[in-house]
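Trainee: Below is one structure. I have some questions about it.
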Amino acid sequence: MAIHEAITRRDFMNGVGMGTAALLAGVPQTQAAPGMQGASDAFEPDLALELIARPRNASLRPGRTTSVWSYQSRMLKGDPTSVQALPDSYLGPILRLRRGQKVRIDFINRLDQPSTVHWHGLHVPDTMDGHPRFAIGPGERYRYEFEVRNRAGTYWYHPHPHGHTGEQVYFGLAGLLLVSDGEEQTLPLPRGQYDVPIVIQDRSFDDDNQFRYLGDTGPTARGNASGAPSAPGNAMGGRGMMGGMMSRGAMMSGGMGGMMARMMGFLGDTILVNGRPDASIEVATHPYRLRILNGSNSRIYKLAWQDGRPLTVIGTDGGLLERPVHKDYVMLAPAERVELWADFSKDDLGTQLTLMSLAFEGSMGGMMGMMDGGPMAAMMDNSSLAAGAQFPIFKVNVARKTNARLELPERLSAVSWPRLQDAVNRAKPRAFRITMAQMQWGFDGRGFEMMAVAPNEVVKLGTTEVWEFANDSGMMTMAHPIHVHDPQFQVLERRHGAASGGVRDGYVDQGWKDTVLVMPGDRVKLLMRFADYPGLYLYHCHMLEHEDLGLMRNYRIET
């Protein structure tokens, strides 16, 4: 398939405008509900819209259509170009917001299980963050209201219900959220058709063109419509992975093989870009801004151009870097974003390039070694495209000549970093260790509990802290991308284990981050400031199967 270079106003009007009929076919008109969850009478939005999660069919491959879940929208107030559909994609519309803008989004759940919306990377009140305690049931609505306080950058949104995040994202519920601000607007960056969003995901298909995931999941599942996990705070009913393996719920989800896929993370065997397989982009002889999101549930990518040209990085999770950074390759874990300056101005017409994921080792740590050659190792191989394999992601075809020129700025952004000397725990960082007990992931031996907060998970509003995540608890280790809700953070220090030898040069730690890859044997220190909002937030592994199994905890910001 071909990815359109630009989502133009004409594309928008054809696909989203015209009374939103094309976008919302089959979605009933609804009125704002009095007493809606999350609602505030005092909030006056600059932009208001409805975001509906619903089942639909998508034509992804020849033959039968694929059943997916999809976000669709209806504008209620504001600039209609703030919501732009990705052409021929099941992914949610791109939301284009401005720093300082007040936004109201009425989420409507037309799934058969509870859901929320998490605005990944945004700094918002805890009641607006999509915590699973605010999940709404089928047919219900939740009003999200917040002021955009983040820097210009590439963010995204996705569900966050406990026990079903991986399922809902895998079957289609995700979308990009792009923030602009005055600083970014003054820079000579590629715009319009030269500013290209790219969402990379991996999926598997069965013989009927349906997404293959864990058993009894997705739009065609015959399971419990309540969507409740098997037990509060622990998807294995409190007995660990092996204890829950032979339960009726586990057998319905694919038996031992399905449980191993949950523990190791599900890997698809087909790469999709913006919801389409076999992706290619036609470009002109001009610089491009490629905004890349790893929207996969569990797969880690080692991005590089096939011809060996360096990658020029201009932004990470939390926006533009201070200066461009040049890398031979870039590691991109689930939920991470990277912005590339890709200059094709010196390429001849007809040039074909391929963005690859290069081969690498170490992401499985000691897990595969402990099970090597046994039946459990075979069950963990849930994809013909193994973790760390080499494969193409998308092709670039240089198809048009242009005389327009654009030079890479030497300086991109003025970043105001928190000061390490201001950290209240500089001498003794707040430590979290990724653990496994009875085949169950956890932080310091604890799994997720909906409202629980341990004494070492309470921070003070208005303070700066150092957090350290350690992934070195014995042989049962593998890579984990760690996401902290609410603040963006700075990566202070990495202590590398042996497994990171082939990937460590691909980290881009010079910018603001909200997700960080912690390889087996590694320890990573983060610096963050807790400002503006008290409340209950999450930190967790963003391998979504791990999150659903309880590798997630609350932390509380107190006044």
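Following the order of the structure tokens, first chain is A, next is B, and so on, with residues numbered from 1 inside each chain and ligands from 1 in the order they appear.
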Sorted by chain and rising residue number, list the residues of segment 327-428 of chain A at most 8 Å from segment 304-321 of chain A (counting only C-alpha atoms), each with its closest atom pair and distance in Å to one decimal, as JSON lines.
Mentor:
{"residue": "A:Lys327", "atom": "CA", "partner": "A:Leu311", "partner_atom": "CA", "distance": 5.1}
{"residue": "A:Asp328", "atom": "CA", "partner": "A:Pro310", "partner_atom": "CA", "distance": 4.8}
{"residue": "A:Tyr329", "atom": "CA", "partner": "A:Ala304", "partner_atom": "CA", "distance": 4.7}
{"residue": "A:Val330", "atom": "CA", "partner": "A:Ala304", "partner_atom": "CA", "distance": 6.8}
{"residue": "A:Glu336", "atom": "CA", "partner": "A:Asp317", "partner_atom": "CA", "distance": 6.1}
{"residue": "A:Arg337", "atom": "CA", "partner": "A:Asp317", "partner_atom": "CA", "distance": 5.0}
{"residue": "A:Val338", "atom": "CA", "partner": "A:Thr316", "partner_atom": "CA", "distance": 4.5}
{"residue": "A:Glu339", "atom": "CA", "partner": "A:Gly315", "partner_atom": "CA", "distance": 4.6}
{"residue": "A:Leu340", "atom": "CA", "partner": "A:Val313", "partner_atom": "CA", "distance": 4.6}
{"residue": "A:Trp341", "atom": "CA", "partner": "A:Thr312", "partner_atom": "CA", "distance": 5.4}
{"residue": "A:Ala342", "atom": "CA", "partner": "A:Thr312", "partner_atom": "CA", "distance": 6.9}
{"residue": "A:Leu353", "atom": "CA", "partner": "A:Gln306", "partner_atom": "CA", "distance": 6.8}
{"residue": "A:Thr354", "atom": "CA", "partner": "A:Gln306", "partner_atom": "CA", "distance": 5.5}
{"residue": "A:Leu355", "atom": "CA", "partner": "A:Trp305", "partner_atom": "CA", "distance": 4.7}
{"residue": "A:Met356", "atom": "CA", "partner": "A:Ala304", "partner_atom": "CA", "distance": 5.3}
{"residue": "A:Ser357", "atom": "CA", "partner": "A:Ala304", "partner_atom": "CA", "distance": 6.4}
{"residue": "A:Leu358", "atom": "CA", "partner": "A:Ala304", "partner_atom": "CA", "distance": 6.8}
{"residue": "A:Leu412", "atom": "CA", "partner": "A:Leu321", "partner_atom": "CA", "distance": 6.3}
{"residue": "A:Ser413", "atom": "CA", "partner": "A:Leu321", "partner_atom": "CA", "distance": 6.1}
{"residue": "A:Val415", "atom": "CA", "partner": "A:Leu321", "partner_atom": "CA", "distance": 7.7}
Trainee: Can I get the selected residues back with C-alpha atoms, as a compact mmCIF listing (two decimals), in the first residue's frame?
Mentor:
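Contents of the output file again-v1.txt:
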# COMPACT_ATOMS: atom_id res chain seq x y z
CA LYS A 327 22.77 7.82 15.03
CA ASP A 328 23.66 4.73 13.00
CA TYR A 329 20.53 3.17 14.49
CA VAL A 330 17.82 4.05 17.01
CA GLU A 336 8.36 5.39 22.45
CA ARG A 337 8.43 8.05 19.75
CA VAL A 338 11.26 9.41 17.67
CA GLU A 339 11.23 12.28 15.17
CA LEU A 340 13.66 12.01 12.25
CA TRP A 341 14.89 14.63 9.80
CA ALA A 342 15.07 12.55 6.61
CA LEU A 353 15.30 3.19 0.33
CA THR A 354 14.14 0.86 3.08
CA LEU A 355 13.78 1.60 6.77
CA MET A 356 14.80 -1.60 8.53
CA SER A 357 14.66 -3.12 11.95
CA LEU A 358 18.15 -4.56 12.34
CA LEU A 412 16.09 23.22 17.70
CA SER A 413 14.76 24.07 21.13
CA VAL A 415 14.89 22.99 27.03
Trainee: Taking only C-alpha atoms into account, produce a table as JSON lines in which each residue of segment 453-497 of chain A with an atom at most 12 Å from an atom of segment 145-155 of chain A appears once, together with its shortest atom pair and the distance in Å to one decimal, ordered by chain and rising number.
Mentor:
{"residue": "A:Asp486", "atom": "CA", "partner": "A:Asn150", "partner_atom": "CA", "distance": 10.5}
{"residue": "A:Pro487", "atom": "CA", "partner": "A:Asn150", "partner_atom": "CA", "distance": 9.7}
{"residue": "A:Gln488", "atom": "CA", "partner": "A:Asn150", "partner_atom": "CA", "distance": 9.1}
Trainee: Quick one: everything within 9 Å of Arg494 of chain A, counting only C-alpha atoms, minus sequence neighbours fewer than 3 positions away in the same chain. Send it as a list in words.
Mentor: Val491, Val518, Asp522, Arg523, Val524 and Lys525 of chain A
Trainee: Compare A:Leu408, A:Met364, A:Leu97, A:Leu385 by their minimum atom-to-atom distance to Gly521 of chain A, counting only C-alpha atoms, and give me the closest one.
Mentor: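 Of A:Leu408, A:Met364, A:Leu97, A:Leu385, the one nearest Gly521 of chain A is A:Met364, counting only C-alpha atoms.
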Trainee: Taking 2 positions as the minimum chain separation for residues in the same chain, which residues sit within 9 Å of segment 463-474 of chain A when counting only C-alpha atoms? Answer as an NGL selection string.
Mentor: :A and (366 or 418-420 or 422-426 or 428-436 or 459-461 or 476-480 or 482 or 492 or 497 or 518-531)
Trainee: From segment 130-225 of chain A, collect each residue whose DSSP state is alpha helix (DSSP H) and return the set as an MDAnalysis selection string.
Mentor: chainID A and resid 165:170 182:185
Trainee: For the selection you just gave me, I'd like the residues written to a file as a compact mmCIF listing (two decimals), in the first residue's frame, keeping N, CA and C atoms.
Mentor:
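Result saved to out.txt:
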# COMPACT_ATOMS: atom_id res chain seq x y z
N THR A 165 -5.97 -3.75 28.14
CA THR A 165 -5.29 -2.74 27.33
C THR A 165 -4.65 -3.37 26.10
N GLY A 166 -3.92 -4.48 26.28
CA GLY A 166 -3.27 -5.13 25.15
C GLY A 166 -4.26 -5.56 24.09
N GLU A 167 -5.37 -6.13 24.51
CA GLU A 167 -6.40 -6.58 23.58
C GLU A 167 -6.98 -5.41 22.78
N GLN A 168 -7.33 -4.33 23.46
CA GLN A 168 -7.99 -3.22 22.78
C GLN A 168 -7.05 -2.48 21.84
N VAL A 169 -5.78 -2.32 22.24
CA VAL A 169 -4.81 -1.70 21.34
C VAL A 169 -4.54 -2.61 20.14
N TYR A 170 -4.37 -3.90 20.39
CA TYR A 170 -4.05 -4.83 19.31
C TYR A 170 -5.12 -4.83 18.24
N GLY A 182 4.48 27.88 20.00
CA GLY A 182 5.09 29.02 19.34
C GLY A 182 6.54 28.78 18.97
N GLU A 183 7.29 28.12 19.85
CA GLU A 183 8.70 27.86 19.58
C GLU A 183 8.87 27.01 18.32
N GLU A 184 8.09 25.94 18.24
CA GLU A 184 8.17 25.06 17.08
C GLU A 184 7.80 25.79 15.80
N GLN A 185 6.79 26.67 15.87
CA GLN A 185 6.31 27.36 14.68
C GLN A 185 7.36 28.30 14.10
Trainee: At a cut-off of 9 Å, using only C-alpha atoms, what residues contact Ala399 of chain A? Leave out same-chain residues fewer than 3 positions from it and give the result as a PyMOL selection string.
Mentor: chain A and resi 282-285+348-351
Trainee: So how many Å separate atom CA of Pro62 of chain A and atom CA of Asn297 of chain A, to one decimal?
Mentor: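 If I compute the distance from atom CA of Pro62 of chain A to atom CA of Asn297 of chain A, I get 24.8 Å.
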Trainee: From a DSSP calculation on the backbone, collect every residue of segment 38-245 of chain A in strand (DSSP E or B) and output the set as JSON, numbers by chain.
Mentor: {"A": [47, 48, 49, 50, 51, 52, 53, 54, 55, 56, 57, 58, 66, 67, 68, 69, 70, 71, 72, 73, 74, 75, 76, 77, 83, 84, 94, 95, 96, 97, 98, 102, 103, 104, 105, 106, 107, 108, 109, 115, 118, 119, 120, 136, 141, 142, 143, 144, 145, 146, 147, 153, 154, 155, 156, 157, 158, 175, 176, 177, 178, 179, 180, 195, 196, 197, 198, 199, 200, 201, 202, 203, 205, 211]}
Trainee: Residues near Val484 of chain A, anyone? I mean within 7 Å using only C-alpha atoms, not counting same-chain ones fewer than 6 positions away, as an NGL selection string.
Mentor: :A and (514-515 or 538-540)
Trainee: Those residues with N, CA and C atoms, as a compact mmCIF listing (two decimals), in the first residue's frame please?
Mentor:
# COMPACT_ATOMS: atom_id res chain seq x y z
N ASP A 514 8.95 9.89 28.26
CA ASP A 514 7.94 9.36 29.19
C ASP A 514 7.98 7.84 29.23
N THR A 515 8.78 7.23 28.35
CA THR A 515 8.95 5.78 28.30
C THR A 515 10.43 5.50 28.08
N LEU A 538 -0.09 6.22 37.38
CA LEU A 538 0.44 4.88 37.16
C LEU A 538 1.90 4.94 36.71
N TYR A 539 2.61 3.86 37.01
CA TYR A 539 3.87 3.54 36.31
C TYR A 539 3.80 2.05 35.98
N HIS A 540 4.32 1.69 34.82
CA HIS A 540 4.14 0.30 34.40
C HIS A 540 5.03 -0.04 33.23
Trainee: Looking at only C-alpha atoms, which of A:Ala48, A:Val68, A:Ala221, A:Ala454 is the one that sits closest to Val103 of chain A?
Mentor: A:Ala48
